[in-house]
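Coordinates as given in structure28.txt (compact mmCIF, C-alpha atoms):
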# COMPACT_ATOMS: atom_id res chain seq x y z
CA MET A 137 0.00 0.00 0.00
CA ARG A 138 1.34 3.38 -1.04
CA VAL A 139 0.50 6.30 1.24
CA VAL A 140 0.72 9.90 0.04
CA ASP A 141 0.00 11.98 3.12
CA ARG A 142 0.11 15.71 2.42
CA TYR A 143 -1.66 16.58 5.65
CA ARG A 144 0.07 18.12 8.62
CA GLU A 145 -2.02 17.12 11.60
CA GLY A 146 -4.03 19.95 13.06
CA GLU A 147 -4.47 20.78 16.70
CA ALA A 148 -7.02 18.42 18.23
CA VAL A 149 -7.99 20.93 20.95
CA GLU A 150 -9.30 24.49 20.76
CA VAL A 151 -9.56 26.81 23.75
CA CYS A 152 -12.94 28.56 23.86
CA ASP A 153 -14.43 31.27 26.03
CA GLY A 154 -17.48 30.62 28.15
CA ALA A 155 -19.20 31.65 31.35
CA LEU A 156 -19.37 29.57 34.51
CA LEU A 157 -22.83 29.68 36.05
CA ARG A 158 -22.72 29.75 39.87
CA PRO A 159 -25.51 28.41 42.12
CA ASP A 160 -26.33 31.98 43.14
CA GLY A 161 -27.07 32.89 39.52
CA SER A 162 -23.85 34.81 38.93
CA PHE A 163 -21.49 34.22 35.99
CA GLU A 164 -17.72 33.98 35.90
CA PRO A 165 -15.70 34.18 32.65
CA VAL A 166 -13.80 30.97 31.91
CA ARG A 167 -11.71 29.45 29.13
CA ARG A 168 -11.98 25.74 28.47
CA PRO A 169 -10.27 23.31 26.05
CA VAL A 170 -12.72 21.57 23.72
CA LEU A 171 -12.23 19.02 20.96
CA ALA A 172 -11.67 20.22 17.42
CA GLU A 173 -14.17 18.69 15.00
CA HIS A 174 -12.86 17.77 11.56
CA ALA A 175 -14.75 16.52 8.47
CA MET A 176 -13.20 14.37 5.74
CA GLU A 177 -14.69 12.98 2.52
CA VAL A 178 -13.39 9.63 1.26
CA LEU A 179 -13.44 8.69 -2.41
CA VAL A 180 -12.96 5.04 -3.34
CA ASN A 181 -11.86 4.49 -6.94
CA THR A 182 -13.04 8.09 -7.61
CA VAL A 183 -16.53 7.38 -6.18
CA PRO A 184 -17.61 9.48 -3.13
CA THR A 185 -18.21 6.75 -0.56
CA LEU A 186 -17.77 7.95 3.02
CA ARG A 187 -17.92 11.08 5.12
CA MET A 188 -16.12 11.04 8.45
CA VAL A 189 -16.43 13.54 11.28
CA CYS A 190 -13.50 13.04 13.62
CA THR A 191 -10.65 14.59 15.53
CA PRO A 192 -7.90 15.76 13.11
CA ASP A 193 -5.30 13.08 13.82
CA HIS A 194 -4.46 9.55 12.59
CA LEU A 195 -6.52 10.24 9.46
CA VAL A 196 -4.80 7.66 7.24
CA ASP A 197 -5.22 5.05 9.98
CA LEU A 198 -8.90 6.00 10.20
CA VAL A 199 -9.44 5.56 6.46
CA VAL A 200 -7.62 2.21 6.31
CA GLY A 201 -9.38 0.94 9.40
CA ARG A 202 -12.83 2.01 8.16
CA LEU A 203 -12.34 0.26 4.81
CA PHE A 204 -11.37 -2.93 6.64
CA THR A 205 -14.03 -2.94 9.35
CA GLU A 206 -16.81 -2.10 6.88
CA GLY A 207 -15.87 -5.03 4.65
CA ILE A 208 -14.81 -2.87 1.69
CA VAL A 209 -11.43 -4.61 1.76
CA GLY A 210 -10.54 -7.97 3.24
CA ASP A 211 -6.82 -7.29 3.44
CA VAL A 212 -4.65 -4.21 3.50
CA ASP A 213 -2.90 -5.45 0.34
CA GLU A 214 -6.11 -4.74 -1.60
CA ILE A 215 -5.45 -1.03 -1.07
CA GLU A 216 -3.04 0.24 -3.71
CA GLU A 217 -2.91 3.85 -2.57
CA VAL A 218 -4.28 6.27 0.01
CA TYR A 219 -3.86 9.95 -0.84
CA LEU A 220 -4.65 12.57 1.81
CA CYS A 221 -4.83 16.21 0.76
CA GLU A 222 -3.02 19.07 2.50
CA GLN A 223 -6.10 20.16 4.43
CA GLY A 224 -6.97 16.61 5.47
CA THR A 225 -10.49 17.12 4.13
CA ARG A 226 -10.34 14.63 1.26
CA ALA A 227 -8.87 11.14 1.09
CA SER A 228 -8.70 9.32 -2.23
CA VAL A 229 -8.36 5.54 -2.10
CA LEU A 230 -7.37 3.34 -5.03
CA LEU A 231 -8.32 -0.32 -4.73
CA GLY A 232 -6.50 -2.83 -6.87
CA CYS A 233 -9.03 -5.64 -7.04
CA ASN A 234 -12.41 -4.14 -6.13
CA ARG A 235 -14.68 -2.56 -8.70
CA ALA A 236 -17.83 -0.67 -7.96
CA ASP A 237 -21.04 -2.63 -8.39
CA PHE A 238 -23.44 0.13 -9.39
CA SER A 239 -26.34 -2.32 -9.46
CA ARG A 240 -26.32 -2.05 -5.68
CA ARG A 241 -28.52 0.91 -4.74
CA GLY A 242 -26.59 3.74 -3.16
CA VAL A 243 -28.49 4.29 0.07
CA GLU A 244 -27.02 6.75 2.55
CA THR A 245 -26.65 5.21 6.01
CA VAL A 246 -25.71 6.72 9.35
CA PRO A 247 -23.93 4.63 12.00
CA SER A 248 -24.92 4.88 15.65
CA CYS A 249 -21.85 6.90 16.57
CA CYS A 250 -23.62 10.22 17.23
CA THR A 251 -21.39 12.16 14.81
CA GLY A 252 -21.82 13.30 11.21
CA ASN A 253 -20.39 10.08 9.76
CA ARG A 254 -22.11 8.92 6.57
CA THR A 255 -21.86 5.99 4.19
CA TYR A 256 -23.11 7.16 0.80
CA ASN A 257 -23.37 3.80 -0.92
CA ARG A 258 -22.62 0.08 -0.75
CA TYR A 259 -21.03 -0.19 -4.17
CA PHE A 260 -17.80 -1.69 -2.82
CA THR A 261 -19.19 -4.07 -0.20
CA SER A 262 -20.70 -7.53 -0.45
CA ASP A 263 -23.92 -8.99 0.85
CA ALA A 264 -22.05 -12.13 1.90
CA PRO A 265 -21.84 -12.50 5.71
CA PRO A 266 -18.37 -12.24 7.25
CA ALA A 267 -16.54 -15.36 8.39
CA LYS A 268 -16.70 -16.45 11.99
CA VAL A 269 -13.93 -15.24 14.25
CA THR A 270 -11.27 -17.76 15.26
CA PRO A 271 -11.27 -17.80 19.09
CA ILE A 272 -7.98 -17.80 21.00
CA PRO A 273 -7.15 -18.68 24.62
CA TRP A 274 -6.98 -15.56 26.74
CA GLU A 275 -6.17 -14.50 30.27
CA ALA A 276 -8.05 -12.24 32.64
CA GLU A 277 -4.93 -10.11 33.05
CA TRP A 278 -5.18 -8.99 29.41
CA VAL A 279 -8.56 -7.39 30.09
CA LEU A 280 -7.54 -5.99 33.46
CA ALA A 281 -4.39 -4.44 31.97
CA ALA A 282 -6.52 -2.58 29.42
CA ALA A 283 -8.97 -1.53 32.14
CA ARG A 284 -6.11 -0.15 34.23
CA ALA A 285 -4.74 1.76 31.24
CA PHE A 286 -8.20 3.23 30.65
CA ALA A 287 -8.50 4.23 34.31
CA GLU A 288 -5.21 6.15 34.01
CA ASP A 289 -6.88 8.26 31.29
CA THR A 290 -5.66 9.44 27.87
CA PRO A 291 -4.17 12.79 26.84
CA LEU A 292 -7.10 14.29 24.92
CA HIS A 293 -9.71 13.02 27.35
CA ARG A 294 -7.69 14.37 30.26
CA ARG A 295 -7.77 17.84 28.68
CA THR A 296 -11.32 17.89 27.32
CA THR A 297 -13.26 14.95 28.88
CA GLY A 298 -14.73 14.66 25.38
CA THR A 299 -13.16 11.64 23.68
CA HIS A 300 -13.66 7.93 23.31
CA SER A 301 -10.58 5.74 23.37
CA CYS A 302 -9.66 2.34 21.99
CA TYR A 303 -6.76 0.17 23.12
CA LEU A 304 -4.95 -2.55 21.17
CA VAL A 305 -3.67 -5.28 23.49
CA LEU A 306 -1.33 -8.13 22.59
CA GLY A 307 -0.55 -10.76 25.21
CA GLY A 308 -1.54 -8.46 28.04
CA THR A 309 0.51 -5.50 26.79
CA VAL A 310 -1.19 -2.34 25.56
CA VAL A 311 0.66 -1.63 22.31
CA ALA A 312 -1.45 1.26 20.98
CA CYS A 313 -4.24 3.64 21.93
CA CYS A 314 -6.27 5.97 19.73
CA GLU A 315 -8.74 8.66 20.72
CA ASP A 316 -11.55 10.34 18.82
CA LEU A 317 -14.81 12.16 19.40
CA GLY A 318 -16.61 8.99 18.17
CA ARG A 319 -16.10 5.47 19.48
CA HIS A 320 -16.41 4.01 15.95
CA ASN A 321 -13.62 6.30 14.75
CA ALA A 322 -11.38 5.40 17.69
CA PHE A 323 -11.92 1.70 16.89
CA ASP A 324 -11.12 2.19 13.20
CA LYS A 325 -8.03 4.28 13.98
CA VAL A 326 -6.51 1.57 16.14
CA VAL A 327 -7.38 -1.11 13.55
CA GLY A 328 -5.83 0.95 10.76
CA LEU A 329 -2.73 1.58 12.85
CA ALA A 330 -2.38 -2.16 13.45
CA LEU A 331 -2.80 -2.99 9.77
CA ARG A 332 -0.23 -0.43 8.69
CA GLN A 333 2.26 -1.77 11.24
CA GLY A 334 1.75 -5.39 10.19
CA ILE A 335 0.13 -6.44 13.50
CA ASP A 336 -2.00 -9.57 13.20
CA LEU A 337 -5.41 -8.62 14.57
CA ARG A 338 -6.29 -12.31 14.92
CA ASP A 339 -4.10 -12.30 18.06
CA ALA A 340 -5.46 -9.07 19.50
CA LEU A 341 -7.78 -7.82 22.18
CA ILE A 342 -9.45 -4.49 21.45
CA PHE A 343 -10.76 -2.55 24.44
CA SER A 344 -13.26 0.26 23.84
CA SER A 345 -14.40 3.03 26.14
CA GLY A 346 -17.91 3.06 24.69
CA ARG A 347 -21.03 0.94 24.58
CA LEU A 348 -21.16 -1.81 21.99
CA PRO A 349 -24.15 -1.75 19.66
CA VAL A 350 -24.39 -4.09 16.68
CA ASP A 351 -22.32 -1.98 14.30
CA MET A 352 -19.36 -1.90 16.70
CA VAL A 353 -19.43 -5.67 17.10
CA MET A 354 -19.66 -6.17 13.34
CA LYS A 355 -16.53 -4.06 12.97
CA ALA A 356 -14.64 -6.47 15.22
CA ILE A 357 -16.02 -9.48 13.32
CA HIS A 358 -15.06 -8.01 9.94
CA ALA A 359 -11.57 -7.33 11.30
CA GLY A 360 -11.18 -10.89 12.64
CA VAL A 361 -10.53 -9.61 16.16
CA PRO A 362 -11.10 -12.55 18.56
CA LEU A 363 -11.53 -10.54 21.78
CA LEU A 364 -13.63 -7.42 22.20
CA ALA A 365 -13.93 -5.71 25.57
CA THR A 366 -15.42 -2.47 26.86
CA LYS A 367 -15.77 -0.57 30.10
CA ALA A 368 -19.39 0.01 29.06
CA VAL A 369 -22.31 -2.26 28.17
CA PRO A 370 -23.55 -4.40 25.25
CA THR A 371 -27.06 -4.88 23.87
CA ASP A 372 -28.99 -8.12 23.58
CA GLU A 373 -28.38 -8.20 19.82
CA THR A 374 -24.68 -7.59 20.40
CA ILE A 375 -24.49 -10.66 22.63
CA ARG A 376 -26.41 -12.76 20.11
CA LEU A 377 -24.02 -11.75 17.31
CA ALA A 378 -20.96 -12.44 19.46
CA ARG A 379 -22.25 -15.96 20.10
CA GLU A 380 -23.14 -16.52 16.46
CA PHE A 381 -19.70 -15.45 15.21
CA ASP A 382 -17.57 -16.91 18.06
CA LEU A 383 -16.42 -13.50 19.28
CA THR A 384 -15.27 -13.36 22.88
CA LEU A 385 -17.24 -10.48 24.42
CA ILE A 386 -16.30 -8.90 27.75
CA CYS A 387 -18.13 -5.87 29.13
CA GLN A 388 -18.24 -3.54 32.13
CA ALA A 389 -14.53 -4.18 32.52
CA ARG A 390 -12.90 -2.49 35.49
CA PRO A 391 -9.53 -3.06 37.16
CA ASP A 392 -11.32 -5.24 39.71
CA GLY A 393 -13.39 -7.39 37.36
CA ALA A 394 -15.61 -7.71 34.28
CA ILE A 395 -18.65 -9.52 32.90
CA VAL A 396 -18.01 -12.16 30.22
CA TYR A 397 -21.02 -12.49 27.92
CA ASN A 398 -19.43 -14.91 25.47
CA ASP A 399 -16.32 -17.06 25.56
CA PRO A 400 -16.23 -19.79 22.88
CA MET A 401 -13.13 -21.35 24.47
CA ARG A 402 -15.12 -22.21 27.62
CA ARG A 403 -18.11 -23.85 25.91

Structure rendered as structure tokens:
Amino acid sequence: MRVVDRYREGEAVEVCDGALLRPDGSFEPVRRPVLAEHAMEVLVNTVPTLRMVCTPDHLVDLVVGRLFTEGIVGDVDEIEEVYLCEQGTRASVLLGCNRADFSRRGVETVPSCCTGNRTYNRYFTSDAPPAKVTPIPWEAEWVLAAARAFAEDTPLHRRTTGTHSCYLVLGGTVVACCEDLGRHNAFDKVVGLALRQGIDLRDALIFSSGRLPVDMVMKAIHAGVPLLATKAVPTDETIRLAREFDLTLICQARPDGAIVYNDPMRR
């Protein structure tokens, strides 16, 4: 994969003026750091395909990760080139082996990530279900290590209290962490980072700070990640999908424990 990155990462935090409201009804001028919101359009083989609203960092990782977790590519080698413009507002992706199927109706969809993310069409995806995940043996310490890292906080969240985070864990060691205003973006950033560094996601635990609806779990399944954990909660459909696709699902993870909703290795 060739990467042409013309973008110089922008500041992820802006300091804004406000007024602190006191219980007595008085106001006090304050300045507070808030997250910078960045929008990027993604063209796949010249076709406008995605719109991402994110924090302005790890943009190439975000694009690569999104293509992988949405099933547009099954391997990073299918991506011939990612070009990111100087403003970071447009990414152009060239796929070597995927052609658009314009017989598939281009219906705009919105994921449940509470941002302005959009998928304009499904021309590059397939209706075929993803393969089941291959479970791996795991240890409680892997989950607890990620929970402890989360409890120690992350740089952008520490400054703004406004980000989600996602941790990549291998053998109990946190090897990467990405932050973003959306939990889906944070997940895709850490997946893209892993792919670009040649990390085998089939050996990985991914720990998310956010709740896990169906679309988050399907991202993990598409990526072949065997272990998905969160400090938050799942849904009933999330648990059903995890069991159907042999995904180990661990929720409400804290340094002192967690709830395991699915573990194929213990069946």

* Structure fact -> Restricting to all atoms listed in the file, whichever of A:Val178, A:Ala368, A:Leu220, A:Val166 is closest to Ile386 (chain A) is A:Ala368

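The spacing separating CA of Leu156 (chain A) from CA of Asp316 (chain A) amounts to 26.0 Å.
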
* Structure fact -> For His293 (chain A), the closest of A:Glu277, A:Glu164, A:Glu315, A:Asp372 counting all atoms listed in the file is A:Glu315

* **Using only C-alpha atoms: which of A:Cys313, A:Ala394, A:Ile208, A:Ala330 has the shortest distance to Leu292 (chain A)** => A:Cys313

* To do: Would you kindly identify which residues have an atom no farther than 8 Å from (-20.9, -2.9, 23.1), using only C-alpha atoms and the file's own coordinates, and write them out as a PyMOL selection string?
  => chain A and resi 346-350+352-353+365-366+368-371+374+387
